[in-house]
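S.K.: The structure under discussion is supplied below as structure tokens; questions concerning it will follow.
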Amino acid sequence: MNFFILASTLILACFVGISITKDKNKQQNLEQSYWNKEYKSNFVRKKSLETLSYISIPEEILTLQPAQPTPQMLSYIQDLKDLSTLKIVNLTGISNTDLKLTYGTANITVLSEYDTHYTQMVTILHKLAENLADCDDKQNAIRVLEYAISTGSDVSKSYYLLADLYIQVGTPEKIHSLIPQAEGLQSIMKNAILQHLQAACP
């Protein structure tokens, strides 16, 4: 009896050892592949940025007229006007290594700035929408959130708030239109957003 227990233990230990070794080798291969890619990216020559998908904040957002304007709302709108003079690009989910490989190492600083402008934009849009919703200006809040999400925003609260507003104004069926947007995200928030939207669908 003890022999069988010992044999089973040894076999199990062998399987565990093999599994650990395979996982370790796989991790080492992934790390080596990453560093090879990173090394290569550091020697890519500067390329044109004309092919980037630049974002222009629409006039209807920049000239938004809140039903009950507050100093905070007006401040957010001014911030958006200031941002509209800068170059904005959504680079969410794209690593610096991939950016260097595509556009050249010399462009990484300016690309980071463009992406920072995008992050600032979607953050301000969400805060503006929250303020509008708090003041019962639902239609303007919806307009702002719909625009933010159309640019590929991965701000989960923007999806959640928009879904709630759709329900409040009696158009819950519109939540379905947000799902394809969420499915296209290159973000760690993707699954959480999808689960929330699917649960909220009528």
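Following the order of the structure tokens, chains are lettered A, B, ..., residues in each are numbered from 1, and ligands are numbered from 1.
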Run DSSP on the backbone of this structure and report the residues of region 25-192 of chain A it assigns to alpha helix (DSSP H), as number ranges by chain.
M.R.: A: 25-41, 59-62, 71-83, 96-103, 108-134, 138-150, 156-168, 178-183, 190-192
S.K.: Of the candidates A:Ser153, A:Thr171, A:Asn107, A:Gln139, which one gets nearest to Lys47 (chain A) if we count only C-alpha atoms?
M.R.: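 Comparing A:Ser153, A:Thr171, A:Asn107, A:Gln139 against Lys47 (chain A), the winner is A:Asn107.
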S.K.: Any idea what's packed within 9 Å of Asn90 (chain A), counting only C-alpha atoms, ignoring anything in its chain fewer than 6 positions away? Could you give it as a PyMOL selection string?
M.R.: chain A and resi 53-55+114-119+151-153
S.K.: Just the number, please: distance in Å from CA of Ala106 (chain A) to CA of Lys87 (chain A), one decimal.
M.R.: 17.2 Å
S.K.: Just checking: using only C-alpha atoms, which residue out of A:Ile193, A:Ile179, A:Val122, A:Leu101 ends up closest to Tyr160 (chain A)?
M.R.: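 Between A:Ile193, A:Ile179, A:Val122, A:Leu101, the residue approaching Tyr160 (chain A) most closely is A:Ile193.
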S.K.: Can you pull out the residues contacting Lys46 (chain A)? Cut-off 12 Å, using only C-alpha atoms, and skip same-chain residues under 4 positions away; I want them as a PyMOL selection string.
M.R.: chain A and resi 41-42+99-111
S.K.: Which residues are near His176 (chain A)? Cut-off 10 Å, only C-alpha atoms, ignore same chain within fewer than 2 positions. Put them as a list in words.
M.R.: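 Neighbouring residues, sequence-local ones excluded: Ala163, Pro172, Glu173, Lys174, Leu178, Ile179, Pro180, Gln181, Leu197, Gln198, Ala200, Cys201 and Pro202 of chain A.
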S.K.: Mind writing the picked residues with N, CA and C atoms as a JSON list (two decimals), in the first residue's frame?
M.R.:
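Contents of part.json, as written:
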```
[["chain", "number", "residue", "atom", "x", "y", "z"],
["A", 163, "ALA", "N", -24.80, 54.30, -20.11],
["A", 163, "ALA", "CA", -25.82, 53.25, -20.05],
["A", 163, "ALA", "C", -26.93, 53.65, -19.07],
["A", 172, "PRO", "N", -33.22, 52.52, -23.36],
["A", 172, "PRO", "CA", -32.27, 51.48, -22.93],
["A", 172, "PRO", "C", -31.73, 50.63, -24.08],
["A", 173, "GLU", "N", -32.48, 50.58, -25.20],
["A", 173, "GLU", "CA", -32.04, 49.78, -26.35],
["A", 173, "GLU", "C", -30.72, 50.31, -26.93],
["A", 174, "LYS", "N", -30.42, 51.57, -26.67],
["A", 174, "LYS", "CA", -29.18, 52.15, -27.20],
["A", 174, "LYS", "C", -27.93, 51.57, -26.54],
["A", 178, "LEU", "N", -23.34, 50.30, -27.69],
["A", 178, "LEU", "CA", -22.07, 50.53, -27.00],
["A", 178, "LEU", "C", -21.19, 49.28, -26.98],
["A", 179, "ILE", "N", -21.81, 48.13, -27.14],
["A", 179, "ILE", "CA", -21.07, 46.87, -27.05],
["A", 179, "ILE", "C", -20.00, 46.74, -28.14],
["A", 180, "PRO", "N", -20.31, 47.01, -29.42],
["A", 180, "PRO", "CA", -19.25, 46.94, -30.44],
["A", 180, "PRO", "C", -18.10, 47.89, -30.16],
["A", 181, "GLN", "N", -18.41, 49.06, -29.59],
["A", 181, "GLN", "CA", -17.36, 50.01, -29.23],
["A", 181, "GLN", "C", -16.43, 49.40, -28.18],
["A", 197, "LEU", "N", -22.15, 46.28, -19.57],
["A", 197, "LEU", "CA", -23.09, 46.65, -20.61],
["A", 197, "LEU", "C", -24.06, 45.49, -20.91],
["A", 198, "GLN", "N", -23.52, 44.29, -20.99],
["A", 198, "GLN", "CA", -24.38, 43.13, -21.28],
["A", 198, "GLN", "C", -25.40, 42.92, -20.18],
["A", 200, "ALA", "N", -26.64, 45.29, -18.37],
["A", 200, "ALA", "CA", -27.55, 46.42, -18.38],
["A", 200, "ALA", "C", -28.52, 46.40, -19.57],
["A", 201, "CYS", "N", -28.20, 45.56, -20.58],
["A", 201, "CYS", "CA", -29.05, 45.52, -21.78],
["A", 201, "CYS", "C", -30.45, 45.02, -21.43],
["A", 202, "PRO", "N", -31.47, 45.62, -22.02],
["A", 202, "PRO", "CA", -32.86, 45.20, -21.74],
["A", 202, "PRO", "C", -33.14, 43.85, -22.37]]
```
S.K.: Would you compute the distance between CA of Ala133 (chain A) and CA of Ser187 (chain A)? Give it in Å to one decimal.
M.R.: 26.0 Å
